[in-house]
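Q: Dumping the structure here so I can ask a few things about it.
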Amino acid sequence: MVAADPLSVIFAALADPTRRAILTRLADGDATVTELAEPFSISLPAISRHLKVLENAGLISRSRSGQWRSSTLEAAPLREATAWMEQYRQFWDASFDRLDAHLRRVQQDRSEQAATSEGITQ
Amino acid sequence: MTTTSELTISRIFDAPPELVYRAFVDADQICQWFGPVGYTCPYESVHSDARVGGHQRMVMISDDDPNDRSTIDMTFTEVVENELLVGHQDVEGIPLTTGTVRFHMRLEFHEEPGGKTRLELRQGPFRELLGDDAGAGWESSFTRLDSLLRRSL
């Protein structure tokens, strides 16, 4: 099997509404599996499976204290996912700066051409 | 649904819409501005056919490393000359991704006073899987997740 790239793993983890809700809850502070399961009508093992997916994506880390271990939100991968879009914004900003200069040249050429043809007709 | 899944850029150009539009669809103009400084888009790699079902293809190559290259293939689904370009863009060679990524692209060219153009660009989704599988009940948690993403920047 080909290893999935990090962004795909992050996006796949974020694709599920329950997992997004878990991340949102963890933004308020660390929580145990029981605390995380509270708002949902799903079983603890199901929540644990979601946590496993989030952990594999690096979106959370879990402390190692048995049944009471709590989950912590990890911001870095989220930053990476957001940074992807920011790179595109920078890409366009840089391109559009060049487009500005290009459009100035095009308009200059046009007015020079117009001046030349005026000269010819005179 | 989330504000972070789509990139929107609004920018004023000091040139009328017909000139700005041509800069986007003429093959010999695109390679003169497309891509950041440090990247070249060779003229012979550019193909542009701005009609519904037509393609616009190009290759962008890093000046420092010829292996750092990206292939862009846009298929037009809506074209209104001097006003609108809509389509999907298949991009290969984006860092941190494998294979081809498909974006939806929308470019609106609005006439502004003084012979200027306001370009509205929409590109996405950047979080295609952070999707529309959710009902309205999740909306508030998205909003909070969005602000979390912004804070983490």
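Letters A, B, ... mark the chains of the structure tokens in the order given; residue numbers begin at 1 per chain; ligand numbers begin at 1, in order shown.
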Any chance you could tabulate, as a Markdown table, the residues of chain A at most 7 Å from chain B with each one's nearest atom pair and distance in Å to one decimal, using only C-alpha atoms, in chain and rising number order?

A:
```
| residue | atom | partner | partner_atom | distance |
| --- | --- | --- | --- | --- |
| A:Asp5 | CA | B:Thr97 | CA | 6.0 |
| A:Pro6 | CA | B:Leu96 | CA | 6.9 |
| A:Leu7 | CA | B:Leu96 | CA | 6.5 |
| A:Phe11 | CA | B:Leu129 | CA | 5.8 |
| A:Ala12 | CA | B:Leu129 | CA | 6.4 |
| A:Leu14 | CA | B:Leu130 | CA | 5.6 |
| A:Ala15 | CA | B:Leu130 | CA | 4.5 |
| A:Pro17 | CA | B:Ala134 | CA | 6.4 |
| A:Ala21 | CA | B:Ser141 | CA | 6.3 |
| A:Thr24 | CA | B:Leu145 | CA | 5.8 |
| A:Ala75 | CA | B:Ser152 | CA | 6.1 |
| A:Leu78 | CA | B:Leu149 | CA | 6.3 |
| A:Arg79 | CA | B:Leu153 | CA | 5.4 |
| A:Thr82 | CA | B:Leu149 | CA | 6.8 |
| A:Met85 | CA | B:Phe126 | CA | 6.3 |
| A:Phe91 | CA | B:Pro36 | CA | 5.9 |
| A:Ala94 | CA | B:Pro36 | CA | 5.0 |
| A:Ser95 | CA | B:Gly35 | CA | 5.0 |
| A:Arg98 | CA | B:Trp33 | CA | 5.0 |
| A:Leu99 | CA | B:Trp33 | CA | 5.1 |
| A:Asp100 | CA | B:Phe13 | CA | 6.5 |
| A:His102 | CA | B:Trp33 | CA | 6.7 |
| A:Leu103 | CA | B:Ala15 | CA | 6.7 |
```

Q: Residues of the last selection are to be written out with C-alpha atoms, as a PDB file, in the first residue's frame.

A:
```pdb
ATOM      1  CA  ASP A   5       0.504  12.005   2.214  1.00  0.00           C
ATOM      2  CA  PRO A   6       0.123  13.962   5.487  1.00  0.00           C
ATOM      3  CA  LEU A   7      -2.475  16.402   4.167  1.00  0.00           C
ATOM      4  CA  PHE A  11      -8.316  15.951   5.646  1.00  0.00           C
ATOM      5  CA  ALA A  12      -9.666  12.420   5.985  1.00  0.00           C
ATOM      6  CA  LEU A  14     -11.395  16.168   9.484  1.00  0.00           C
ATOM      7  CA  ALA A  15     -14.009  14.738   7.123  1.00  0.00           C
ATOM      8  CA  PRO A  17     -18.538  15.700  11.811  1.00  0.00           C
ATOM      9  CA  ALA A  21     -16.880  18.296  17.132  1.00  0.00           C
ATOM     10  CA  THR A  24     -13.786  21.814  18.799  1.00  0.00           C
ATOM     11  CA  ALA A  75      -2.417  22.737  16.496  1.00  0.00           C
ATOM     12  CA  LEU A  78      -4.225  22.192  11.464  1.00  0.00           C
ATOM     13  CA  ARG A  79      -1.777  24.972  10.796  1.00  0.00           C
ATOM     14  CA  THR A  82      -4.475  26.115   6.639  1.00  0.00           C
ATOM     15  CA  MET A  85      -4.432  27.641   1.297  1.00  0.00           C
ATOM     16  CA  PHE A  91       0.892  32.514  -5.160  1.00  0.00           C
ATOM     17  CA  ALA A  94       2.752  37.386  -6.350  1.00  0.00           C
ATOM     18  CA  SER A  95       1.298  36.577  -9.782  1.00  0.00           C
ATOM     19  CA  ARG A  98       3.487  40.671 -12.024  1.00  0.00           C
ATOM     20  CA  LEU A  99       0.171  41.024 -13.864  1.00  0.00           C
ATOM     21  CA  ASP A 100       0.025  44.675 -12.735  1.00  0.00           C
ATOM     22  CA  HIS A 102       2.411  43.326 -17.439  1.00  0.00           C
ATOM     23  CA  LEU A 103      -0.807  45.339 -17.907  1.00  0.00           C
TER      24      LEU A 103
END
```

Q: So which bits of chain A end up strand (DSSP E) when you DSSP the backbone, as a ChimeraX atom specification?

A: /A:31-32,60-62,70-73

Q: Those residues with N, CA, C and O atoms, as a PDB file, in the first residue's frame please?

A:
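Contents of out-v2.pdb, as written:
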```pdb
ATOM      1  N   ALA A  31      -9.600  16.652  27.584  1.00  0.00           N
ATOM      2  CA  ALA A  31     -10.780  15.930  28.061  1.00  0.00           C
ATOM      3  C   ALA A  31     -10.528  14.430  27.989  1.00  0.00           C
ATOM      4  O   ALA A  31      -9.739  13.957  27.172  1.00  0.00           O
ATOM      5  N   THR A  32     -11.232  13.687  28.846  1.00  0.00           N
ATOM      6  CA  THR A  32     -11.143  12.224  28.825  1.00  0.00           C
ATOM      7  C   THR A  32     -12.142  11.682  27.805  1.00  0.00           C
ATOM      8  O   THR A  32     -13.029  12.403  27.339  1.00  0.00           O
ATOM      9  N   ILE A  60      -4.386  15.169  17.544  1.00  0.00           N
ATOM     10  CA  ILE A  60      -4.440  15.160  19.011  1.00  0.00           C
ATOM     11  C   ILE A  60      -3.300  14.286  19.544  1.00  0.00           C
ATOM     12  O   ILE A  60      -2.734  13.469  18.804  1.00  0.00           O
ATOM     13  N   SER A  61      -2.981  14.493  20.798  1.00  0.00           N
ATOM     14  CA  SER A  61      -2.086  13.554  21.480  1.00  0.00           C
ATOM     15  C   SER A  61      -2.830  13.059  22.720  1.00  0.00           C
ATOM     16  O   SER A  61      -3.763  13.717  23.189  1.00  0.00           O
ATOM     17  N   ARG A  62      -2.439  11.879  23.206  1.00  0.00           N
ATOM     18  CA  ARG A  62      -3.139  11.332  24.376  1.00  0.00           C
ATOM     19  C   ARG A  62      -2.150  10.963  25.457  1.00  0.00           C
ATOM     20  O   ARG A  62      -1.120  10.348  25.185  1.00  0.00           O
ATOM     21  N   SER A  70      -6.264  11.508  29.002  1.00  0.00           N
ATOM     22  CA  SER A  70      -6.998  12.595  28.351  1.00  0.00           C
ATOM     23  C   SER A  70      -6.364  12.944  27.005  1.00  0.00           C
ATOM     24  O   SER A  70      -5.216  12.609  26.733  1.00  0.00           O
ATOM     25  N   SER A  71      -7.154  13.578  26.184  1.00  0.00           N
ATOM     26  CA  SER A  71      -6.721  13.959  24.844  1.00  0.00           C
ATOM     27  C   SER A  71      -6.416  15.447  24.794  1.00  0.00           C
ATOM     28  O   SER A  71      -7.083  16.257  25.426  1.00  0.00           O
ATOM     29  N   THR A  72      -5.396  15.806  24.013  1.00  0.00           N
ATOM     30  CA  THR A  72      -4.961  17.193  23.869  1.00  0.00           C
ATOM     31  C   THR A  72      -4.960  17.552  22.386  1.00  0.00           C
ATOM     32  O   THR A  72      -4.496  16.769  21.559  1.00  0.00           O
ATOM     33  N   LEU A  73      -5.469  18.711  22.076  1.00  0.00           N
ATOM     34  CA  LEU A  73      -5.461  19.178  20.690  1.00  0.00           C
ATOM     35  C   LEU A  73      -4.048  19.573  20.269  1.00  0.00           C
ATOM     36  O   LEU A  73      -3.335  20.242  21.013  1.00  0.00           O
TER      37      LEU A  73
END
```

Q: What does the distance between CA of Ala50 in chain B and CA of Glu108 in chain B come to in Å, to one decimal place?

A: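 About the pair CA of Ala50 in chain B and CA of Glu108 in chain B: they are 14.1 Å apart.
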
Q: Between CA of Glu38 in chain A and CA of Trp68 in chain A, what distance in Å does the model show, to one decimal?

A: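 Atom-to-atom, CA of Glu38 in chain A and CA of Trp68 in chain A are spaced 14.6 Å apart.
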
Q: Name the residues in contact with range 66-74 of chain B at a cut-off of 10 Å, using only C-alpha atoms, excluding same-chain residues fewer than 5 positions from it; report them as a PyMOL selection string.

A: chain B and resi 39-41+45-50+53-61+86-95+100-105

Q: I want to know what sits within 10 Å of Phe40 in chain A, based on only C-alpha atoms, with residues of the same chain fewer than 4 positions away left out; could you give that as a VMD selection string?

A: chain A and resid 18 21 to 22 36 44 47

Q: Leaving out His50 in chain A and any residue of its chain fewer than 4 positions from it, which residues lie within 10 Å of it when counting only C-alpha atoms, given as a PyMOL selection string?

A: chain A and resi 13+16+18-20+22+44-46+54-56

Q: Distance CA of Asp93 in chain A-CA of Arg110 in chain A, one decimal place?

A: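 For CA of Asp93 in chain A relative to CA of Arg110 in chain A, the distance reads 25.6 Å.
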
Q: Mind listing the alpha helix (DSSP H) residues of chain A, per DSSP on the backbone, as a PyMOL selection string?

A: chain A and resi 6-14+17-26+33-37+44-56+75-121
